[in-house]
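To be precise, the following lines are run.txt, and they hold compact mmCIF, C-alpha atoms and all ligand atoms.
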# COMPACT_ATOMS: atom_id res chain seq x y z
CA MET A 20 7.33 -33.36 8.35
CA GLU A 21 7.92 -32.12 4.83
CA ASN A 22 5.11 -29.62 5.33
CA ASN A 23 6.56 -28.32 8.56
CA ARG A 24 9.88 -27.83 6.91
CA ARG A 25 8.32 -25.92 4.05
CA ASN A 26 6.37 -23.72 6.47
CA PHE A 27 9.53 -23.03 8.40
CA ILE A 28 11.39 -21.99 5.27
CA LYS A 29 8.50 -19.78 4.25
CA THR A 30 8.27 -18.16 7.67
CA ALA A 31 12.03 -17.72 7.85
CA ALA A 32 12.00 -16.04 4.45
CA VAL A 33 9.18 -13.72 5.46
CA LEU A 34 11.14 -12.80 8.56
CA GLY A 35 14.18 -12.17 6.42
CA LEU A 36 16.24 -14.86 8.13
CA THR A 37 17.43 -16.96 5.24
CA GLY A 38 19.69 -14.45 3.55
CA MET A 39 18.82 -15.92 0.17
CA SER A 40 19.77 -13.83 -2.80
CA ASN A 41 16.46 -14.33 -4.52
CA PRO A 42 13.70 -14.80 -1.96
CA MET A 43 11.06 -14.29 -4.66
CA ASP A 44 11.70 -17.88 -5.74
CA LEU A 45 9.94 -19.08 -2.62
CA PHE A 46 6.76 -17.19 -3.22
CA ALA A 47 3.96 -17.30 -5.67
CA ALA A 48 1.70 -14.26 -5.91
CA ASN A 49 -0.34 -13.92 -2.76
CA PRO A 50 -4.03 -14.35 -3.58
CA GLU A 51 -5.03 -12.50 -0.41
CA LEU A 52 -3.30 -9.37 -1.64
CA SER A 53 -4.62 -9.53 -5.17
CA GLN A 54 -8.14 -9.38 -3.70
CA LYS A 55 -7.36 -6.14 -1.93
CA SER A 56 -10.56 -4.47 -3.05
CA ASP A 57 -12.50 -7.06 -1.09
CA ILE A 58 -10.69 -6.94 2.23
CA LYS A 59 -12.91 -8.53 4.87
CA PRO A 60 -12.55 -9.78 8.42
CA VAL A 61 -11.77 -13.48 8.89
CA ASN A 62 -13.71 -14.89 11.84
CA GLY A 63 -14.64 -11.37 12.86
CA LYS A 64 -11.10 -9.94 12.72
CA TYR A 65 -9.13 -8.19 10.01
CA GLU A 66 -5.76 -9.84 9.57
CA LEU A 67 -2.33 -8.69 8.48
CA PRO A 68 -1.82 -9.87 4.88
CA ALA A 69 1.45 -11.58 3.98
CA LEU A 70 3.71 -9.44 1.80
CA GLY A 71 4.40 -12.25 -0.65
CA TYR A 72 8.12 -11.34 -0.59
CA ALA A 73 10.87 -11.08 1.99
CA TYR A 74 11.63 -7.89 3.89
CA GLN A 75 15.01 -7.61 2.20
CA ALA A 76 13.58 -8.06 -1.30
CA LEU A 77 13.58 -4.31 -1.99
CA GLU A 78 17.12 -3.60 -0.79
CA PRO A 79 18.93 -1.30 -1.16
CA HIS A 80 16.11 1.05 -2.16
CA ILE A 81 13.85 0.24 0.77
CA ASP A 82 15.73 -1.47 3.59
CA ALA A 83 14.62 -4.67 5.32
CA LYS A 84 14.28 -3.07 8.76
CA THR A 85 11.95 -0.38 7.44
CA MET A 86 9.83 -3.00 5.69
CA GLU A 87 9.64 -5.20 8.76
CA ILE A 88 8.63 -2.40 11.13
CA HIS A 89 6.26 -0.90 8.58
CA HIS A 90 4.51 -4.24 8.05
CA THR A 91 4.53 -5.84 11.50
CA LYS A 92 4.18 -2.71 13.64
CA HIS A 93 2.56 0.12 11.69
CA HIS A 94 0.23 -1.88 9.47
CA GLN A 95 -0.62 -4.26 12.32
CA ALA A 96 -1.49 -1.32 14.56
CA TYR A 97 -4.02 0.02 12.05
CA ILE A 98 -5.61 -3.42 11.93
CA ASN A 99 -5.73 -3.76 15.71
CA LYS A 100 -7.40 -0.37 16.16
CA LEU A 101 -9.90 -1.16 13.42
CA ASN A 102 -10.78 -4.52 14.98
CA GLU A 103 -11.15 -2.93 18.39
CA ALA A 104 -13.56 -0.30 17.06
CA LEU A 105 -15.70 -2.81 15.18
CA GLU A 106 -16.43 -4.63 18.43
CA LYS A 107 -18.73 -1.65 19.08
CA GLU A 108 -20.56 -2.12 15.78
CA PRO A 109 -20.24 -5.84 14.97
CA GLN A 110 -22.81 -5.60 12.17
CA LEU A 111 -20.14 -3.81 10.12
CA LYS A 112 -17.92 -6.89 10.11
CA SER A 113 -19.86 -8.38 7.24
CA MET A 114 -19.20 -5.31 5.06
CA PRO A 115 -16.10 -5.21 2.84
CA LEU A 116 -13.65 -2.54 4.01
CA GLU A 117 -13.85 -0.71 0.69
CA THR A 118 -17.63 -0.36 1.01
CA MET A 119 -17.21 1.35 4.38
CA LEU A 120 -14.50 3.68 3.05
CA ARG A 121 -16.61 4.69 0.04
CA ASP A 122 -19.48 5.70 2.30
CA LEU A 123 -17.96 6.91 5.56
CA ARG A 124 -20.86 9.32 6.04
CA ALA A 125 -23.23 6.36 6.42
CA LEU A 126 -21.25 4.83 9.30
CA PRO A 127 -22.25 5.26 12.95
CA ASP A 128 -20.54 8.23 14.66
CA SER A 129 -18.97 5.83 17.16
CA VAL A 130 -16.67 4.27 14.54
CA ARG A 131 -16.50 6.73 11.62
CA SER A 132 -13.16 8.35 12.43
CA VAL A 133 -11.53 5.04 13.37
CA VAL A 134 -12.65 3.45 10.10
CA ARG A 135 -11.37 6.51 8.22
CA ASN A 136 -7.95 6.53 9.91
CA HIS A 137 -7.27 2.90 10.73
CA GLY A 138 -9.49 1.25 8.12
CA GLY A 139 -7.91 3.65 5.64
CA GLY A 140 -4.49 2.62 6.95
CA HIS A 141 -5.31 -1.05 6.48
CA TRP A 142 -6.58 -0.57 2.93
CA ASN A 143 -3.74 1.74 1.90
CA HIS A 144 -0.97 -0.52 3.17
CA SER A 145 -2.55 -3.70 1.77
CA PHE A 146 -2.61 -1.92 -1.60
CA PHE A 147 0.90 -0.48 -1.25
CA TRP A 148 2.57 -3.87 -0.59
CA THR A 149 1.29 -5.21 -3.89
CA LEU A 150 2.94 -2.31 -5.71
CA LEU A 151 6.46 -3.14 -4.60
CA LYS A 152 8.77 -5.33 -6.68
CA THR A 153 12.16 -4.79 -8.25
CA GLY A 154 12.96 -5.26 -11.92
CA THR A 155 9.75 -4.35 -13.75
CA LYS A 156 9.21 -1.58 -16.27
CA PRO A 157 6.17 0.03 -17.88
CA SER A 158 4.73 -2.03 -20.75
CA PRO A 159 4.06 -0.29 -24.10
CA ALA A 160 0.35 -0.05 -23.19
CA LEU A 161 1.04 1.59 -19.84
CA THR A 162 3.67 3.84 -21.41
CA ASN A 163 0.97 4.99 -23.83
CA MET A 164 -1.42 5.79 -21.02
CA LEU A 165 1.26 7.70 -19.12
CA THR A 166 2.33 9.56 -22.25
CA ASN A 167 -1.25 10.53 -23.07
CA SER A 168 -1.80 11.79 -19.54
CA PHE A 169 1.55 13.42 -18.73
CA GLY A 170 3.43 13.97 -21.99
CA THR A 171 6.27 11.57 -21.18
CA VAL A 172 6.98 8.88 -18.58
CA ASP A 173 9.81 11.04 -17.22
CA ASN A 174 7.44 13.94 -16.83
CA PHE A 175 4.98 11.70 -15.01
CA LYS A 176 7.73 10.70 -12.57
CA LYS A 177 8.74 14.31 -12.07
CA GLU A 178 5.16 15.37 -11.34
CA PHE A 179 4.61 12.44 -8.99
CA GLU A 180 7.78 13.29 -7.04
CA LYS A 181 6.79 16.95 -6.93
CA ALA A 182 3.38 16.04 -5.51
CA GLY A 183 5.05 13.82 -2.91
CA THR A 184 7.61 16.36 -1.75
CA GLY A 185 4.99 19.11 -1.82
CA LEU A 186 2.58 17.26 0.48
CA PHE A 187 2.80 18.84 3.93
CA GLY A 188 2.97 16.36 6.79
CA SER A 189 1.96 12.71 6.52
CA GLY A 190 -0.04 11.27 3.69
CA TRP A 191 -0.10 9.51 0.36
CA VAL A 192 0.51 10.31 -3.30
CA TRP A 193 -1.80 8.48 -5.68
CA VAL A 194 -2.42 7.95 -9.34
CA ILE A 195 -6.10 7.57 -10.11
CA ASN A 196 -7.79 6.52 -13.30
CA GLN A 197 -10.46 8.93 -14.47
CA MET A 198 -12.02 7.30 -17.51
CA GLY A 199 -8.70 6.40 -19.11
CA THR A 200 -6.86 9.53 -18.05
CA LEU A 201 -4.38 9.13 -15.22
CA LYS A 202 -4.21 11.84 -12.61
CA ILE A 203 -1.90 12.47 -9.64
CA VAL A 204 -3.58 13.36 -6.35
CA THR A 205 -2.50 13.51 -2.71
CA THR A 206 -4.40 12.76 0.49
CA PRO A 207 -3.54 13.61 4.10
CA ASN A 208 -3.04 11.02 6.83
CA GLN A 209 -4.58 7.66 5.85
CA ASP A 210 -7.28 9.07 3.57
CA ASN A 211 -7.48 7.73 0.02
CA PRO A 212 -9.29 8.66 -3.20
CA LEU A 213 -11.95 5.98 -2.69
CA MET A 214 -13.37 7.86 0.28
CA ASP A 215 -16.53 9.90 -0.10
CA LEU A 216 -14.79 12.77 1.64
CA ALA A 217 -11.76 12.81 -0.71
CA GLU A 218 -11.22 16.10 -2.51
CA VAL A 219 -10.66 14.26 -5.80
CA LYS A 220 -12.22 10.82 -6.05
CA GLY A 221 -11.18 7.94 -8.26
CA LYS A 222 -9.92 4.40 -8.41
CA PRO A 223 -6.27 4.25 -7.30
CA VAL A 224 -3.92 2.52 -9.75
CA MET A 225 -0.87 3.24 -7.63
CA GLY A 226 0.05 4.97 -4.42
CA CYS A 227 3.13 5.83 -2.42
CA ASP A 228 3.26 6.14 1.35
CA VAL A 229 5.09 9.36 2.23
CA TRP A 230 4.73 9.11 6.00
CA GLU A 231 8.17 9.41 7.59
CA HIS A 232 7.87 5.84 8.92
CA ALA A 233 8.07 4.65 5.30
CA TYR A 234 11.56 6.05 4.75
CA TYR A 235 13.09 7.67 7.84
CA LEU A 236 15.56 4.91 8.84
CA LYS A 237 17.30 5.04 5.49
CA TYR A 238 16.55 8.50 4.12
CA GLN A 239 15.94 10.51 7.34
CA ASN A 240 14.39 13.83 6.32
CA LYS A 241 15.12 13.38 2.60
CA ARG A 242 11.69 12.46 1.28
CA ALA A 243 12.76 13.47 -2.24
CA ASP A 244 15.50 10.80 -2.25
CA TYR A 245 12.99 8.15 -1.13
CA LEU A 246 10.63 9.16 -3.92
CA THR A 247 13.45 8.93 -6.50
CA ALA A 248 14.38 5.48 -5.19
CA PHE A 249 10.71 4.40 -5.27
CA TRP A 250 10.87 3.98 -9.07
CA ASN A 251 13.33 1.09 -8.57
CA VAL A 252 10.80 -0.87 -6.55
CA LEU A 253 7.55 0.06 -8.25
CA ASN A 254 5.74 -2.97 -9.66
CA TRP A 255 4.74 -1.52 -13.03
CA ASP A 256 2.95 -4.77 -13.95
CA GLN A 257 0.64 -4.33 -10.99
CA VAL A 258 0.09 -0.68 -11.88
CA GLU A 259 -0.99 -1.70 -15.36
CA ALA A 260 -3.27 -4.43 -13.97
CA ASN A 261 -4.87 -1.78 -11.77
CA THR A 262 -5.73 0.40 -14.77
CA ARG A 263 -7.99 -2.35 -16.12
MN MN3 B 1 2.78 3.53 6.25

What's the structure tokens form of this structure?
Amino acid sequence: MENNRRNFIKTAAVLGLTGMSNPMDLFAANPELSQKSDIKPVNGKYELPALGYAYQALEPHIDAKTMEIHHTKHHQAYINKLNEALEKEPQLKSMPLETMLRDLRALPDSVRSVVRNHGGGHWNHSFFWTLLKTGTKPSPALTNMLTNSFGTVDNFKKEFEKAGTGLFGSGWVWVINQMGTLKIVTTPNQDNPLMDLAEVKGKPVMGCDVWEHAYYLKYQNKRADYLTAFWNVLNWDQVEANTR
């Protein structure tokens, strides 16, 4: 009984139904998400990871409705398409997603573009959710890294925003770690810097989804405003963890 009640509260919070002022209290870090680099199917199917926070947790910077649709519709759709494609090549189900993305050229023609687009979508969103949290700031160590790479933290932000607004169409802005130096890169669609076909390759330490579905409800066509607001919800602690 007690367990059912707890599960209900948890589910209600995830669905954004409780209206609690601090939904983070209900959640510990989600181990599934922290293992993002080893995303694998469970019983033959990739699954939608829990966010680990409520949809309204990022208000007012990213609104609850956007988060809910982005997670349950967009992210889920990438997973569904990926699962569907892998039915054609079931031997790939034992391979971590990241391994497939790093070597797309080695995949059978029948699934390569689906793994690139929808497998990329699954990896990118699983990574993105872990980067969202209000109330953190760059530690002295991360500030040092950013200063060494971009002059100042403010300049880093400016360059990141410029890359995001300058990206034509749908895609992602990333920060990659190249042997201790951080670098800003962009990718189209659901590509990412892990992929063998990426123009600039590297390990992502952060990324921002600049598809319109990530911001349109609240910001409409104003991608620049979304990118400015993004700094309020960036989990700097996770960014630092990703540099290690
Ligand atoms: Mn998206």

Exercise for review: Please measure the separation of atom CA of A:Phe249 and atom CA of A:Met225, giving the value in Å to one decimal.
Suggested key: 11.9 Å

So that each row is one residue of chain A with an atom at most 7 Å from ligand MN3 1 (chain B), can you give its shortest atom pair and the distance in Å to one decimal, using all atoms listed in the file, rows by chain and rising number, as a tab-separated table?
residue	atom	partner	partner_atom	distance
A:His89	CA	B:MN3_1	MN	6.1
A:His93	CA	B:MN3_1	MN	6.4
A:His94	CA	B:MN3_1	MN	6.8
A:His144	CA	B:MN3_1	MN	6.3
A:Asp228	CA	B:MN3_1	MN	5.6
A:Trp230	CA	B:MN3_1	MN	5.9
A:His232	CA	B:MN3_1	MN	6.2
A:Ala233	CA	B:MN3_1	MN	5.5

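Nearest to A:His141 of all the residues A:Asn99, A:Ser189, A:Thr153, A:Thr166 is A:Asn99, counting only C-alpha atoms.
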
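With only C-alpha atoms as the basis for measurement, A:Thr184 is the residue among A:Thr184, A:Thr262, A:Asn163, A:Asn254 that approaches A:Asn240 most closely.
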
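Distance check against A:Gly154 using all atoms listed in the file: of A:Val252, A:Leu105, A:Arg263, A:Lys222, the minimum falls on A:Val252.
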
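Shortest atom-to-atom contact with A:Lys176 among A:Ala160, A:Ala243, A:Ser129, A:Thr91: A:Ala243, counting only C-alpha atoms.
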
Practice item. Have a look at A:Thr149, A:Met114, A:Val204, A:Glu231 and name the one nearest to A:Glu218; count all atoms listed in the file. Key: A:Val204

Box time for stretch 222-241 of chain A: axis-aligned, enclosing all its listed atoms, 4 Å extra on each side; report centre and edge lengths in Å to one decimal, as lines of an AutoDock Vina configuration file.
center_x = 3.7
center_y = 8.2
center_z = -0.4
size_x = 35.2
size_y = 19.3
size_z = 26.7

Exercise for review: Excluding A:Thr247 and any residue of its chain fewer than 6 positions from it, enumerate the residues within 12 Å of it, using only C-alpha atoms, and give them as a ChimeraX atom specification.
Suggested key: /A:80-81,173,176-181,183-184,227,234,238,241,253

**Study point:** Nearby residues (all atoms listed in the file) at most 8 Å from A:Asn102, same-chain spacing under 4 positions excluded, as a PyMOL selection string
**Key:** chain A and resi 64-65+98+106

Contact check, stretch 136-210 of chain A to stretch 117-124 of chain A, at most 8 Å, counting all atoms listed in the file, closest pairs as a tab-separated table:
residue	atom	partner	partner_atom	distance
A:Gly138	CA	A:Leu120	CA	7.5
A:Gly139	CA	A:Leu120	CA	7.1
A:Trp142	CA	A:Glu117	CA	7.6

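Counting from atom CA of A:Lys100, the distance to atom CA of A:Pro115 is 16.6 Å.
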
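Note that atom CA of A:Leu150 and atom CA of A:Pro68 are 13.9 Å apart.
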
Which residues come within 7 Å of A:Leu101, counting only C-alpha atoms, excluding same-chain residues fewer than 6 positions away, as a PDB file with C-alpha atoms, in the coordinates of the input?
ATOM      1  CA  VAL A 133     -11.530   5.040  13.370  1.00  0.00           C
ATOM      2  CA  VAL A 134     -12.650   3.450  10.100  1.00  0.00           C
ATOM      3  CA  HIS A 137      -7.270   2.900  10.730  1.00  0.00           C
ATOM      4  CA  GLY A 138      -9.490   1.250   8.120  1.00  0.00           C
TER       5      GLY A 138
END

Review point. Hey, which of A:Leu126, A:Ile88, A:Leu236, A:Leu201 ends up closest to A:Glu108? Count all atoms listed in the file.
Key: A:Leu126

Check your understanding: Which neighbours of A:Thr206 fall inside 7 Å, counting only C-alpha atoms, when residues of the same chain fewer than 6 positions from it are skipped, and could you give them as a PyMOL selection string?
Key -> chain A and resi 190-192

Missing atoms in stretch 231-245 of chain A: can you complete it with N, CA, C and O atoms, as a PDB file, keeping the file's coordinate frame?
ATOM      1  N   GLU A 231       6.733   9.593   7.280  1.00  0.00           N
ATOM      2  CA  GLU A 231       8.170   9.410   7.590  1.00  0.00           C
ATOM      3  C   GLU A 231       8.507   7.963   7.935  1.00  0.00           C
ATOM      4  O   GLU A 231       9.604   7.491   7.657  1.00  0.00           O
ATOM      5  N   HIS A 232       7.561   7.225   8.526  1.00  0.00           N
ATOM      6  CA  HIS A 232       7.870   5.840   8.920  1.00  0.00           C
ATOM      7  C   HIS A 232       8.191   4.972   7.707  1.00  0.00           C
ATOM      8  O   HIS A 232       8.768   3.904   7.839  1.00  0.00           O
ATOM      9  N   ALA A 233       7.819   5.433   6.518  1.00  0.00           N
ATOM     10  CA  ALA A 233       8.070   4.650   5.300  1.00  0.00           C
ATOM     11  C   ALA A 233       9.513   4.789   4.814  1.00  0.00           C
ATOM     12  O   ALA A 233       9.953   3.994   3.984  1.00  0.00           O
ATOM     13  N   TYR A 234      10.225   5.805   5.321  1.00  0.00           N
ATOM     14  CA  TYR A 234      11.560   6.050   4.750  1.00  0.00           C
ATOM     15  C   TYR A 234      12.612   6.571   5.727  1.00  0.00           C
ATOM     16  O   TYR A 234      13.781   6.674   5.400  1.00  0.00           O
ATOM     17  N   TYR A 235      12.198   6.901   6.965  1.00  0.00           N
ATOM     18  CA  TYR A 235      13.090   7.670   7.840  1.00  0.00           C
ATOM     19  C   TYR A 235      14.397   6.957   8.189  1.00  0.00           C
ATOM     20  O   TYR A 235      15.451   7.583   8.249  1.00  0.00           O
ATOM     21  N   LEU A 236      14.348   5.635   8.426  1.00  0.00           N
ATOM     22  CA  LEU A 236      15.560   4.910   8.840  1.00  0.00           C
ATOM     23  C   LEU A 236      16.667   5.049   7.808  1.00  0.00           C
ATOM     24  O   LEU A 236      17.836   5.188   8.138  1.00  0.00           O
ATOM     25  N   LYS A 237      16.292   4.997   6.547  1.00  0.00           N
ATOM     26  CA  LYS A 237      17.300   5.040   5.490  1.00  0.00           C
ATOM     27  C   LYS A 237      17.527   6.454   4.950  1.00  0.00           C
ATOM     28  O   LYS A 237      18.650   6.841   4.652  1.00  0.00           O
ATOM     29  N   TYR A 238      16.449   7.202   4.815  1.00  0.00           N
ATOM     30  CA  TYR A 238      16.550   8.500   4.120  1.00  0.00           C
ATOM     31  C   TYR A 238      16.432   9.702   5.058  1.00  0.00           C
ATOM     32  O   TYR A 238      16.558  10.835   4.614  1.00  0.00           O
ATOM     33  N   GLN A 239      16.166   9.445   6.360  1.00  0.00           N
ATOM     34  CA  GLN A 239      15.940  10.510   7.340  1.00  0.00           C
ATOM     35  C   GLN A 239      14.943  11.521   6.791  1.00  0.00           C
ATOM     36  O   GLN A 239      13.876  11.147   6.380  1.00  0.00           O
ATOM     37  N   ASN A 240      15.349  12.808   6.745  1.00  0.00           N
ATOM     38  CA  ASN A 240      14.390  13.830   6.320  1.00  0.00           C
ATOM     39  C   ASN A 240      14.307  13.992   4.800  1.00  0.00           C
ATOM     40  O   ASN A 240      13.597  14.855   4.309  1.00  0.00           O
ATOM     41  N   LYS A 241      15.035  13.151   4.055  1.00  0.00           N
ATOM     42  CA  LYS A 241      15.120  13.380   2.600  1.00  0.00           C
ATOM     43  C   LYS A 241      14.033  12.616   1.833  1.00  0.00           C
ATOM     44  O   LYS A 241      14.289  11.632   1.165  1.00  0.00           O
ATOM     45  N   ARG A 242      12.828  13.101   1.938  1.00  0.00           N
ATOM     46  CA  ARG A 242      11.690  12.460   1.280  1.00  0.00           C
ATOM     47  C   ARG A 242      11.897  12.405  -0.242  1.00  0.00           C
ATOM     48  O   ARG A 242      11.492  11.449  -0.898  1.00  0.00           O
ATOM     49  N   ALA A 243      12.536  13.438  -0.782  1.00  0.00           N
ATOM     50  CA  ALA A 243      12.760  13.470  -2.240  1.00  0.00           C
ATOM     51  C   ALA A 243      13.620  12.285  -2.688  1.00  0.00           C
ATOM     52  O   ALA A 243      13.371  11.696  -3.748  1.00  0.00           O
ATOM     53  N   ASP A 244      14.623  11.925  -1.883  1.00  0.00           N
ATOM     54  CA  ASP A 244      15.500  10.800  -2.250  1.00  0.00           C
ATOM     55  C   ASP A 244      14.726   9.472  -2.211  1.00  0.00           C
ATOM     56  O   ASP A 244      14.933   8.587  -3.035  1.00  0.00           O
ATOM     57  N   TYR A 245      13.854   9.341  -1.221  1.00  0.00           N
ATOM     58  CA  TYR A 245      12.990   8.150  -1.130  1.00  0.00           C
ATOM     59  C   TYR A 245      12.098   8.056  -2.355  1.00  0.00           C
ATOM     60  O   TYR A 245      11.930   6.989  -2.952  1.00  0.00           O
TER      61      TYR A 245
END
